Amino acid sequence: MSIIILGIESSCDDTSAAVIKDGVLLSSVIASQAVHESYGGVVPELASRAHQQNIVPVVHEALKRAGVAKEELSAVAFTRGPGLMGSLLVGVSFAKGFSRALGIPMIEVNHLQGHVLAHFIKEKDEEPHQPEFPFICLLVSGGNSQIIRVNAYNDMQVLGQTIDDAAGEAIDKCSKVMGLGYPGGPIIDRLARQGNPEAFAFSKPHIPGYDYSFSGLKTSFLYSLREWVKEDPDFVEHHKTDLAASLEKTIVDILMDKLRKVVKDTGIKEVAVAGGVSANNGLRNAFRTHAEKYGWNIFIPKFGYTTDNAAMIAITGYFKYQDKEFCPIDAPAYSRVTIK
Ligand code: KG4
């Protein structure tokens with residue numbers, strides 16, 4: 001019999017639902033929330049309210065596009081955490097109601113595990129290009145920067161992670177102080193393509209081992225900018241492409257330096273990247289350069305699977321379903337957790 005999983009993702013500011021049948025994606029629907037743009041960041045209370053409005057139509061649309069009736073579902077997989085508590089509660093409560101009403105099991109998914117397993121989403125009529133276990137995954141998003149050794153879909157080991165800010169957070173904050181808008185990642189990415197990455201030099205951290213740090217870079221960026229703006233109030237306007245290119249290059253260099261170290265030490269040349277920041281063109285190019293130079297076998301997700309989406313939750317649910325890894329109806333949401 002076929003295994004049909006409905007995935008639900010509501011950890012931050014995107015409400016998403018997806019349907020996967022026997023490992024193949026049938027539909028994926030995402031409702032993004034524009035309401036936060038004027039605030040320069042996600043406002044948690046507004047996010048939960050928008051999730052409440054979006055969740056029913058988004059699930060309805062995902063089932064409709066998949067051509068699947070809700071009675072055909074084998075299980076409902078949902079993001080249990082980490083994320084914003086109010087946002088998570090909407091998805092978790094919906095999943096509970098749905099599973100209870102349909103008499104099907106619930107599968108909890110760790111959002112970070114979902115990002116890593118996005119590499120296993122298969123689309124119809126598409127040749128699979130999937131990493132073999134064990135592989136190394138650089139997980140870079142607005143809330144996390146981790147290097148993970150993935151031994152199996154349910155066996156992941158964090159080798160290094162940020163001790164303060166995440167890479168995406170640093171990009172977003174620097175973009176905000178330059179007055180460029182939110183979220184900063186795509187804006188910096190676009191501007192960086194037209195700028196000189198060597199125009200400005202920003203400080204790089206010296207952290208032992210495989211851990212990252214981005215708060216020093218953020219602070220030095222803010223202080224330098226303040227001085228430059230004192231001299232020339234239009235400094236950002238005059239130099240925004242060079243600032244973006246230099247900032248992006250510094251962050252990509254920091255990420256790749258540690259990743260290279262891990263690959264060298266573990267000898268694992270199967271290397272993937274995941275999370276919102278993996279949409280960044282500078283980072284994608286750095287992966288390609290490393291593949292050529294060091295013989296890495298690289299895995300870069302499609303743009304649609306870099307940021308938050310329910311397809312990655314559904315595929316994780318599909319794996320867990322096969323091992324009958326279900327969760328009880330009283331499973332609470334959790335706001336903080338890393339991959340163990
Ligand atoms: O994975 P994600 O959607 O959300 C979580 O944090 O879970 O990642 C969002 C982050 C934000 O910091 C955003 O600015 C960044 O990903 N981002 C990018 C790009 N697109 C999104 N950063 C750099 N370049 C991009 N093209």
# chains A, B, ... in the order shown; residues from 1 in each chain; ligands from 1
$ residues_near_ligand --ligand "ligand 1" --cutoff "8 Å" --atoms "only C-alpha atoms and all ligand atoms" --output "MDAnalysis selection string"
chainID A and resid 11:12 83 111:112 115 140:144 167:172 182:190 248 274:282 306:308
$ write_last_selection --atoms "N, CA and C atoms" --output "compact mmCIF listing (two decimals), in the first residue's frame"
# COMPACT_ATOMS: atom_id res chain seq x y z
N SER A 11 7.10 27.10 11.64
CA SER A 11 7.99 27.45 12.75
C SER A 11 8.32 28.94 12.83
N CYS A 12 8.21 29.65 11.70
CA CYS A 12 8.59 31.06 11.75
C CYS A 12 7.54 31.91 11.04
N GLY A 83 11.67 26.92 16.92
CA GLY A 83 11.05 28.03 16.20
C GLY A 83 10.35 28.95 17.18
N HIS A 111 12.85 20.66 12.93
CA HIS A 111 12.97 21.55 11.78
C HIS A 111 14.37 21.48 11.13
N LEU A 112 15.39 21.36 11.98
CA LEU A 112 16.76 21.35 11.45
C LEU A 112 17.06 20.05 10.71
N HIS A 115 15.61 20.42 7.31
CA HIS A 115 16.46 21.15 6.36
C HIS A 115 17.50 20.23 5.75
N VAL A 140 22.91 26.35 7.26
CA VAL A 140 23.01 27.79 7.53
C VAL A 140 21.67 28.47 7.31
N SER A 141 21.11 29.00 8.40
CA SER A 141 19.82 29.67 8.28
C SER A 141 19.83 30.93 9.12
N GLY A 142 18.62 31.50 9.31
CA GLY A 142 18.54 32.71 10.11
C GLY A 142 18.82 32.44 11.58
N GLY A 143 18.62 31.21 12.02
CA GLY A 143 18.80 30.90 13.44
C GLY A 143 19.92 29.92 13.73
N ASN A 144 20.51 29.32 12.70
CA ASN A 144 21.51 28.28 12.95
C ASN A 144 22.66 28.31 11.96
N ALA A 167 24.80 32.81 10.75
CA ALA A 167 25.25 33.55 9.56
C ALA A 167 24.13 34.42 8.99
N GLY A 168 22.93 33.85 8.88
CA GLY A 168 21.80 34.59 8.31
C GLY A 168 21.42 35.79 9.17
N GLU A 169 21.53 35.58 10.47
CA GLU A 169 21.20 36.65 11.43
C GLU A 169 22.18 37.82 11.24
N ALA A 170 23.47 37.50 11.06
CA ALA A 170 24.48 38.54 10.86
C ALA A 170 24.20 39.31 9.57
N ILE A 171 23.86 38.58 8.52
CA ILE A 171 23.55 39.25 7.24
C ILE A 171 22.34 40.15 7.41
N ASP A 172 21.30 39.62 8.05
CA ASP A 172 20.06 40.40 8.23
C ASP A 172 20.29 41.67 9.05
N TYR A 182 14.37 44.18 4.83
CA TYR A 182 14.28 42.88 5.47
C TYR A 182 13.50 41.91 4.58
N PRO A 183 13.85 40.61 4.50
CA PRO A 183 15.07 40.06 5.09
C PRO A 183 16.28 40.42 4.24
N GLY A 184 17.40 40.61 4.93
CA GLY A 184 18.58 41.13 4.27
C GLY A 184 19.24 40.17 3.29
N GLY A 185 19.13 38.87 3.55
CA GLY A 185 19.85 37.87 2.75
C GLY A 185 19.71 38.06 1.24
N PRO A 186 18.49 38.03 0.72
CA PRO A 186 18.33 38.16 -0.73
C PRO A 186 18.78 39.52 -1.26
N ILE A 187 18.64 40.58 -0.43
CA ILE A 187 19.04 41.93 -0.86
C ILE A 187 20.56 42.01 -0.98
N ILE A 188 21.24 41.52 0.06
CA ILE A 188 22.71 41.52 0.04
C ILE A 188 23.21 40.67 -1.13
N ASP A 189 22.57 39.55 -1.34
CA ASP A 189 22.94 38.64 -2.43
C ASP A 189 22.88 39.39 -3.77
N ARG A 190 21.78 40.10 -3.99
CA ARG A 190 21.59 40.81 -5.26
C ARG A 190 22.62 41.93 -5.44
N GLU A 248 29.44 39.71 2.21
CA GLU A 248 29.10 38.35 1.78
C GLU A 248 30.36 37.48 1.67
N ALA A 274 22.50 23.38 3.30
CA ALA A 274 21.04 23.47 3.50
C ALA A 274 20.70 24.71 4.32
N GLY A 275 19.41 25.08 4.33
CA GLY A 275 18.95 26.23 5.11
C GLY A 275 18.85 27.48 4.24
N GLY A 276 18.20 28.50 4.78
CA GLY A 276 17.91 29.72 4.02
C GLY A 276 19.11 30.35 3.35
N VAL A 277 20.26 30.37 4.04
CA VAL A 277 21.44 31.04 3.49
C VAL A 277 22.04 30.24 2.31
N SER A 278 21.63 28.98 2.17
CA SER A 278 22.15 28.20 1.03
C SER A 278 21.57 28.69 -0.29
N ALA A 279 20.64 29.67 -0.24
CA ALA A 279 20.16 30.31 -1.46
C ALA A 279 21.20 31.31 -1.98
N ASN A 280 22.16 31.64 -1.13
CA ASN A 280 23.12 32.69 -1.48
C ASN A 280 24.06 32.27 -2.62
N ASN A 281 24.13 33.11 -3.63
CA ASN A 281 24.93 32.77 -4.82
C ASN A 281 26.42 32.69 -4.54
N GLY A 282 26.90 33.56 -3.65
CA GLY A 282 28.33 33.52 -3.31
C GLY A 282 28.68 32.20 -2.65
N THR A 306 15.44 25.76 0.02
CA THR A 306 16.45 26.33 0.91
C THR A 306 15.77 26.94 2.13
N THR A 307 14.77 27.78 1.87
CA THR A 307 14.08 28.41 3.01
C THR A 307 13.00 27.45 3.53
N ASP A 308 12.30 27.89 4.57
CA ASP A 308 11.35 27.00 5.24
C ASP A 308 10.28 26.48 4.28
$ residues_around --residues "Ile4 in chain A" --least-positions-apart "6" --cutoff "12 Å" --atoms "only C-alpha atoms" --output "ChimeraX atom specification"
/A:18-27,63,66-77,104-105,314-315,317-319,321-322
$ write_last_selection --atoms "N, CA, C and O atoms" --output "compact mmCIF listing (two decimals), in the first residue's frame"
# COMPACT_ATOMS: atom_id res chain seq x y z
N ALA A 18 2.67 20.26 2.46
CA ALA A 18 3.14 19.50 1.30
C ALA A 18 2.66 18.07 1.42
O ALA A 18 2.42 17.57 2.52
N VAL A 19 2.50 17.41 0.26
CA VAL A 19 2.09 16.01 0.25
C VAL A 19 3.14 15.19 -0.48
O VAL A 19 3.57 15.55 -1.59
N ILE A 20 3.57 14.11 0.16
CA ILE A 20 4.55 13.19 -0.43
C ILE A 20 3.95 11.80 -0.48
O ILE A 20 3.42 11.31 0.53
N LYS A 21 4.03 11.18 -1.67
CA LYS A 21 3.50 9.83 -1.81
C LYS A 21 4.65 8.90 -2.18
O LYS A 21 5.34 9.12 -3.20
N ASP A 22 4.88 7.91 -1.39
CA ASP A 22 5.96 6.95 -1.61
C ASP A 22 7.28 7.65 -1.95
O ASP A 22 8.01 7.25 -2.86
N GLY A 23 7.55 8.71 -1.21
CA GLY A 23 8.83 9.41 -1.37
C GLY A 23 8.85 10.45 -2.48
O GLY A 23 9.84 11.15 -2.65
N VAL A 24 7.76 10.56 -3.25
CA VAL A 24 7.73 11.53 -4.36
C VAL A 24 6.81 12.70 -4.01
O VAL A 24 5.68 12.50 -3.56
N LEU A 25 7.31 13.91 -4.25
CA LEU A 25 6.54 15.10 -3.90
C LEU A 25 5.38 15.32 -4.87
O LEU A 25 5.57 15.39 -6.08
N LEU A 26 4.17 15.43 -4.31
CA LEU A 26 2.99 15.67 -5.16
C LEU A 26 2.60 17.14 -5.15
O LEU A 26 2.09 17.67 -6.13
N SER A 27 2.81 17.81 -4.01
CA SER A 27 2.47 19.24 -3.95
C SER A 27 3.21 19.89 -2.79
O SER A 27 3.59 19.22 -1.82
N LEU A 63 -3.54 19.54 -0.57
CA LEU A 63 -4.25 18.28 -0.84
C LEU A 63 -4.87 18.33 -2.24
O LEU A 63 -4.80 17.37 -3.00
N ALA A 66 -2.32 17.98 -4.95
CA ALA A 66 -1.78 16.61 -4.96
C ALA A 66 -2.81 15.63 -5.51
O ALA A 66 -2.46 14.50 -5.88
N GLY A 67 -4.06 16.04 -5.54
CA GLY A 67 -5.12 15.14 -5.97
C GLY A 67 -5.34 14.02 -4.95
O GLY A 67 -5.65 12.89 -5.31
N VAL A 68 -5.17 14.38 -3.68
CA VAL A 68 -5.28 13.38 -2.61
C VAL A 68 -6.42 13.81 -1.67
O VAL A 68 -6.51 14.98 -1.27
N ALA A 69 -7.29 12.87 -1.34
CA ALA A 69 -8.34 13.16 -0.35
C ALA A 69 -7.76 12.96 1.03
O ALA A 69 -6.90 12.09 1.22
N LYS A 70 -8.23 13.73 2.00
CA LYS A 70 -7.61 13.64 3.34
C LYS A 70 -7.74 12.24 3.93
O LYS A 70 -6.87 11.79 4.68
N GLU A 71 -8.79 11.54 3.54
CA GLU A 71 -8.99 10.17 4.04
C GLU A 71 -7.92 9.20 3.54
O GLU A 71 -7.74 8.13 4.09
N GLU A 72 -7.20 9.60 2.49
CA GLU A 72 -6.16 8.71 1.94
C GLU A 72 -4.82 8.85 2.68
O GLU A 72 -3.90 8.08 2.46
N LEU A 73 -4.70 9.88 3.52
CA LEU A 73 -3.41 10.14 4.18
C LEU A 73 -3.04 9.01 5.14
O LEU A 73 -3.88 8.49 5.86
N SER A 74 -1.72 8.69 5.16
CA SER A 74 -1.24 7.66 6.08
C SER A 74 -0.88 8.29 7.43
O SER A 74 -1.02 7.66 8.47
N ALA A 75 -0.36 9.53 7.39
CA ALA A 75 0.04 10.19 8.63
C ALA A 75 0.22 11.68 8.38
O ALA A 75 0.33 12.11 7.23
N VAL A 76 0.26 12.44 9.45
CA VAL A 76 0.54 13.88 9.34
C VAL A 76 1.83 14.18 10.10
O VAL A 76 1.97 13.85 11.27
N ALA A 77 2.79 14.77 9.35
CA ALA A 77 4.08 15.13 9.94
C ALA A 77 4.09 16.64 10.16
O ALA A 77 3.60 17.38 9.31
N ILE A 104 -5.34 9.00 12.16
CA ILE A 104 -4.03 8.62 11.61
C ILE A 104 -2.92 9.09 12.55
O ILE A 104 -3.11 10.03 13.33
N PRO A 105 -1.74 8.45 12.48
CA PRO A 105 -0.67 8.83 13.40
C PRO A 105 -0.07 10.20 13.11
O PRO A 105 -0.16 10.70 11.99
N ALA A 314 7.64 16.77 5.21
CA ALA A 314 6.94 15.58 4.72
C ALA A 314 7.92 14.45 4.40
O ALA A 314 7.66 13.29 4.71
N ILE A 315 9.08 14.77 3.81
CA ILE A 315 10.03 13.70 3.46
C ILE A 315 10.63 13.09 4.75
O ILE A 315 10.82 11.87 4.85
N GLY A 317 9.04 12.96 7.55
CA GLY A 317 7.91 12.17 8.05
C GLY A 317 7.81 10.83 7.33
O GLY A 317 7.51 9.80 7.94
N TYR A 318 8.11 10.86 6.05
CA TYR A 318 8.05 9.62 5.24
C TYR A 318 9.08 8.60 5.75
O TYR A 318 8.77 7.42 5.91
N PHE A 319 10.29 9.07 6.04
CA PHE A 319 11.32 8.16 6.58
C PHE A 319 10.89 7.63 7.94
O PHE A 319 11.03 6.45 8.25
N TYR A 321 7.94 7.37 9.18
CA TYR A 321 6.76 6.51 9.08
C TYR A 321 7.19 5.06 8.87
O TYR A 321 6.62 4.13 9.45
N GLN A 322 8.21 4.89 8.04
CA GLN A 322 8.66 3.52 7.75
C GLN A 322 9.24 2.83 8.97
O GLN A 322 9.24 1.62 9.07
$ atom_distance --atom1 "CA of Ile298 in chain A" --atom2 "CA of Glu270 in chain A"
6.2 Å
$ select_by_dssp --residues "range 82-226 of chain A" --states "strand (DSSP E or B)" --output "ChimeraX atom specification"
/A:106-110,122-123,135-140,145-152,155-162,212
$ write_last_selection --atoms "C-alpha atoms" --output "short mmCIF file (atom, residue, chain, number, x, y, z; two decimals), in the first residue's frame"
data_model
loop_
_atom_site.label_atom_id
_atom_site.label_comp_id
_atom_site.auth_asym_id
_atom_site.auth_seq_id
_atom_site.Cartn_x
_atom_site.Cartn_y
_atom_site.Cartn_z
CA MET A 106 1.28 12.02 14.02
CA ILE A 107 4.98 12.33 13.29
CA GLU A 108 7.01 15.06 14.95
CA VAL A 109 9.86 16.56 12.93
CA ASN A 110 12.85 18.55 14.11
CA LYS A 122 12.22 13.67 -5.07
CA GLU A 123 10.10 15.33 -7.73
CA PHE A 135 27.82 13.00 4.33
CA ILE A 136 28.69 16.38 5.76
CA CYS A 137 26.01 19.08 5.76
CA LEU A 138 26.55 22.78 6.30
CA LEU A 139 23.26 24.01 7.74
CA VAL A 140 23.01 27.79 7.53
CA SER A 145 24.97 27.70 11.55
CA GLN A 146 26.07 24.12 12.04
CA ILE A 147 28.33 21.54 10.46
CA ILE A 148 26.63 18.16 10.75
CA ARG A 149 27.87 14.67 10.05
CA VAL A 150 24.86 12.78 8.69
CA ASN A 151 25.29 9.04 9.21
CA ALA A 152 21.69 8.12 8.42
CA ASP A 155 21.55 9.70 13.00
CA MET A 156 23.09 13.16 12.85
CA GLN A 157 26.03 14.46 14.78
CA VAL A 158 26.78 18.18 15.17
CA LEU A 159 30.53 18.65 14.70
CA GLY A 160 30.54 22.42 15.01
CA GLN A 161 28.11 25.28 15.46
CA THR A 162 27.94 28.99 16.08
CA TYR A 212 31.63 29.47 14.25
#
$ closest_residue --among "A:Phe326, A:Phe202, A:Phe303, A:Phe133" --to "Lys269 in chain A" --atoms "only C-alpha atoms"
A:Phe133
$ closest_atom_pairs --of "range 170-219 of chain A" --to "range 232-238 of chain A" --cutoff "10 Å" --atoms "only C-alpha atoms" --output "JSON lines"
{"residue": "A:Val177", "atom": "CA", "partner": "A:Val236", "partner_atom": "CA", "distance": 9.8}
{"residue": "A:Met178", "atom": "CA", "partner": "A:Val236", "partner_atom": "CA", "distance": 6.4}
{"residue": "A:Gly179", "atom": "CA", "partner": "A:Val236", "partner_atom": "CA", "distance": 8.5}
{"residue": "A:Leu180", "atom": "CA", "partner": "A:Val236", "partner_atom": "CA", "distance": 9.2}
$ select_by_dssp --residues "range 10-125 of chain A" --states "helix (DSSP H, G or I)" --output "PyMOL selection string"
chain A and resi 34-39+44-66+70-72+85-102+111-120
$ write_last_selection --atoms "C-alpha atoms" --output "mmCIF file, in the first residue's frame"
data_model
loop_
_atom_site.group_PDB
_atom_site.id
_atom_site.type_symbol
_atom_site.label_atom_id
_atom_site.label_comp_id
_atom_site.auth_asym_id
_atom_site.auth_seq_id
_atom_site.Cartn_x
_atom_site.Cartn_y
_atom_site.Cartn_z
ATOM 1 C CA ALA A 34 4.352 40.151 4.072
ATOM 2 C CA VAL A 35 3.036 41.711 7.290
ATOM 3 C CA HIS A 36 6.552 41.766 8.867
ATOM 4 C CA GLU A 37 8.307 43.764 6.146
ATOM 5 C CA SER A 38 7.606 47.199 7.598
ATOM 6 C CA TYR A 39 8.961 46.120 11.011
ATOM 7 C CA PRO A 44 5.999 36.788 16.680
ATOM 8 C CA GLU A 45 2.434 37.701 17.571
ATOM 9 C CA LEU A 46 1.634 38.802 14.022
ATOM 10 C CA ALA A 47 3.233 35.610 12.716
ATOM 11 C CA SER A 48 1.004 33.350 14.825
ATOM 12 C CA ARG A 49 -2.115 35.251 13.799
ATOM 13 C CA ALA A 50 -1.190 34.974 10.114
ATOM 14 C CA HIS A 51 -0.526 31.229 10.562
ATOM 15 C CA GLN A 52 -4.015 30.858 12.018
ATOM 16 C CA GLN A 53 -5.499 32.526 8.962
ATOM 17 C CA ASN A 54 -3.345 30.585 6.501
ATOM 18 C CA ILE A 55 -3.182 27.048 7.812
ATOM 19 C CA VAL A 56 -6.583 25.755 6.676
ATOM 20 C CA PRO A 57 -6.454 27.154 3.106
ATOM 21 C CA VAL A 58 -2.801 26.116 2.700
ATOM 22 C CA VAL A 59 -3.480 22.506 3.719
ATOM 23 C CA HIS A 60 -6.602 22.455 1.580
ATOM 24 C CA GLU A 61 -4.641 23.699 -1.442
ATOM 25 C CA ALA A 62 -1.804 21.200 -0.911
ATOM 26 C CA LEU A 63 -4.249 18.284 -0.844
ATOM 27 C CA LYS A 64 -6.105 19.642 -3.863
ATOM 28 C CA ARG A 65 -2.944 20.093 -5.952
ATOM 29 C CA ALA A 66 -1.780 16.608 -4.959
ATOM 30 C CA LYS A 70 -7.610 13.636 3.339
ATOM 31 C CA GLU A 71 -8.994 10.171 4.044
ATOM 32 C CA GLU A 72 -6.161 8.713 1.944
ATOM 33 C CA MET A 85 6.436 29.166 20.108
ATOM 34 C CA GLY A 86 3.230 30.885 18.972
ATOM 35 C CA SER A 87 3.869 29.983 15.338
ATOM 36 C CA LEU A 88 4.717 26.373 16.134
ATOM 37 C CA LEU A 89 1.585 25.989 18.241
ATOM 38 C CA VAL A 90 -0.610 26.696 15.228
ATOM 39 C CA GLY A 91 0.932 23.879 13.177
ATOM 40 C CA VAL A 92 1.182 21.480 16.114
ATOM 41 C CA SER A 93 -2.439 22.053 17.163
ATOM 42 C CA PHE A 94 -3.655 21.711 13.599
ATOM 43 C CA ALA A 95 -1.734 18.438 13.181
ATOM 44 C CA LYS A 96 -3.232 17.106 16.398
ATOM 45 C CA GLY A 97 -6.769 17.947 15.346
ATOM 46 C CA PHE A 98 -6.240 16.496 11.898
ATOM 47 C CA SER A 99 -4.701 13.284 13.161
ATOM 48 C CA ARG A 100 -7.420 12.823 15.785
ATOM 49 C CA ALA A 101 -10.243 13.498 13.305
ATOM 50 C CA LEU A 102 -8.831 11.151 10.668
ATOM 51 C CA HIS A 111 12.970 21.551 11.777
ATOM 52 C CA LEU A 112 16.762 21.348 11.453
ATOM 53 C CA GLN A 113 16.678 17.664 10.593
ATOM 54 C CA GLY A 114 14.085 18.619 7.961
ATOM 55 C CA HIS A 115 16.457 21.153 6.362
ATOM 56 C CA VAL A 116 19.181 18.496 6.081
ATOM 57 C CA LEU A 117 16.812 15.888 4.635
ATOM 58 C CA ALA A 118 15.514 18.364 2.024
ATOM 59 C CA HIS A 119 18.190 16.756 -0.154
ATOM 60 C CA PHE A 120 16.043 13.638 -0.363
#
$ closest_residue --among "A:Glu227, A:Asp14, A:Asp257, A:Glu132" --to "His290 in chain A" --atoms "only C-alpha atoms"
A:Asp257
$ residues_around --residues "Gly267 in chain A" --least-positions-apart "4" --cutoff "12 Å" --atoms "only C-alpha atoms" --output "PyMOL selection string"
chain A and resi 134-136+149+259-263+271+294-296
$ write_last_selection --atoms "all heavy atoms" --output "short mmCIF file (atom, residue, chain, number, x, y, z; two decimals), in the first residue's frame"
data_model
loop_
_atom_site.label_atom_id
_atom_site.label_comp_id
_atom_site.auth_asym_id
_atom_site.auth_seq_id
_atom_site.Cartn_x
_atom_site.Cartn_y
_atom_site.Cartn_z
N PRO A 134 27.89 8.21 4.84
CA PRO A 134 27.73 9.44 5.61
C PRO A 134 28.09 10.65 4.74
O PRO A 134 28.93 10.55 3.88
CB PRO A 134 28.76 9.26 6.73
CG PRO A 134 29.85 8.44 6.13
CD PRO A 134 29.19 7.55 5.11
N PHE A 135 27.42 11.77 5.01
CA PHE A 135 27.82 13.00 4.33
C PHE A 135 27.90 14.14 5.34
O PHE A 135 27.42 14.02 6.47
CB PHE A 135 26.88 13.31 3.15
CG PHE A 135 25.46 13.67 3.52
CD1 PHE A 135 25.07 14.99 3.70
CD2 PHE A 135 24.49 12.68 3.63
CE1 PHE A 135 23.74 15.32 3.99
CE2 PHE A 135 23.16 13.00 3.93
CZ PHE A 135 22.79 14.32 4.11
N ILE A 136 28.56 15.20 4.91
CA ILE A 136 28.69 16.38 5.76
C ILE A 136 27.70 17.42 5.26
O ILE A 136 27.59 17.63 4.06
CB ILE A 136 30.13 16.97 5.67
CG1 ILE A 136 31.20 15.94 6.08
CG2 ILE A 136 30.26 18.25 6.50
CD1 ILE A 136 31.14 15.49 7.52
N ARG A 149 27.52 15.92 10.70
CA ARG A 149 27.87 14.67 10.05
C ARG A 149 26.58 13.84 10.01
O ARG A 149 26.01 13.52 11.07
CB ARG A 149 28.95 13.95 10.86
CG ARG A 149 29.38 12.63 10.23
CD ARG A 149 30.29 11.83 11.17
NE ARG A 149 30.27 10.45 10.70
CZ ARG A 149 31.33 9.78 10.28
NH1 ARG A 149 32.51 10.37 10.31
NH2 ARG A 149 31.22 8.55 9.87
N LEU A 259 34.39 24.38 7.11
CA LEU A 259 33.87 23.22 6.39
C LEU A 259 35.03 22.44 5.75
O LEU A 259 35.07 21.20 5.79
CB LEU A 259 32.87 23.69 5.33
CG LEU A 259 32.06 22.61 4.64
CD1 LEU A 259 31.22 21.84 5.64
CD2 LEU A 259 31.15 23.21 3.57
N ARG A 260 35.98 23.17 5.17
CA ARG A 260 37.16 22.53 4.56
C ARG A 260 37.92 21.71 5.59
O ARG A 260 38.36 20.60 5.34
CB ARG A 260 38.09 23.61 4.00
CG ARG A 260 38.25 23.52 2.53
CD ARG A 260 39.21 24.50 1.92
NE ARG A 260 39.76 25.52 2.75
CZ ARG A 260 39.35 26.79 2.77
NH1 ARG A 260 38.37 27.18 1.99
NH2 ARG A 260 39.92 27.67 3.57
N LYS A 261 38.02 22.28 6.78
CA LYS A 261 38.73 21.61 7.88
C LYS A 261 38.03 20.29 8.21
O LYS A 261 38.68 19.27 8.39
CB LYS A 261 38.68 22.56 9.09
CG LYS A 261 39.81 22.39 10.06
CD LYS A 261 39.79 23.58 11.00
CE LYS A 261 40.68 23.33 12.19
NZ LYS A 261 40.62 24.41 13.15
N VAL A 262 36.70 20.34 8.32
CA VAL A 262 35.94 19.14 8.66
C VAL A 262 36.11 18.07 7.58
O VAL A 262 36.35 16.90 7.87
CB VAL A 262 34.43 19.47 8.84
CG1 VAL A 262 33.59 18.21 8.87
CG2 VAL A 262 34.21 20.27 10.11
N VAL A 263 36.02 18.50 6.32
CA VAL A 263 36.15 17.53 5.21
C VAL A 263 37.53 16.90 5.24
O VAL A 263 37.69 15.69 5.07
CB VAL A 263 35.86 18.22 3.85
CG1 VAL A 263 36.18 17.28 2.70
CG2 VAL A 263 34.41 18.66 3.79
N VAL A 271 29.48 16.39 0.30
CA VAL A 271 29.23 17.60 1.08
C VAL A 271 27.97 18.35 0.60
O VAL A 271 27.87 18.69 -0.57
CB VAL A 271 30.43 18.58 1.02
CG1 VAL A 271 30.30 19.66 2.09
CG2 VAL A 271 31.76 17.86 1.18
N TYR A 294 38.88 20.49 -4.81
CA TYR A 294 39.19 19.45 -3.82
C TYR A 294 38.47 18.13 -4.10
O TYR A 294 38.51 17.21 -3.28
CB TYR A 294 38.82 19.92 -2.41
CG TYR A 294 39.54 21.18 -1.99
CD1 TYR A 294 38.88 22.40 -1.97
CD2 TYR A 294 40.89 21.15 -1.62
CE1 TYR A 294 39.53 23.57 -1.60
CE2 TYR A 294 41.55 22.31 -1.24
CZ TYR A 294 40.86 23.51 -1.23
OH TYR A 294 41.51 24.66 -0.86
N GLY A 295 37.78 18.05 -5.23
CA GLY A 295 37.11 16.79 -5.59
C GLY A 295 35.92 16.46 -4.71
O GLY A 295 35.58 15.29 -4.53
N TRP A 296 35.26 17.48 -4.16
CA TRP A 296 34.06 17.22 -3.35
C TRP A 296 32.91 16.84 -4.27
O TRP A 296 32.80 17.33 -5.39
CB TRP A 296 33.61 18.48 -2.59
CG TRP A 296 34.52 18.97 -1.51
CD1 TRP A 296 35.78 18.51 -1.20
CD2 TRP A 296 34.25 20.06 -0.61
NE1 TRP A 296 36.31 19.25 -0.17
CE2 TRP A 296 35.39 20.19 0.22
CE3 TRP A 296 33.17 20.91 -0.41
CZ2 TRP A 296 35.46 21.16 1.21
CZ3 TRP A 296 33.25 21.88 0.59
CH2 TRP A 296 34.39 21.99 1.39
#
$ atom_distance --atom1 "CA of Asp165 in chain A" --atom2 "CA of Leu255 in chain A"
12.9 Å
$ atom_distance --atom1 "CA of Ser10 in chain A" --atom2 "CA of Ser213 in chain A"
27.5 Å
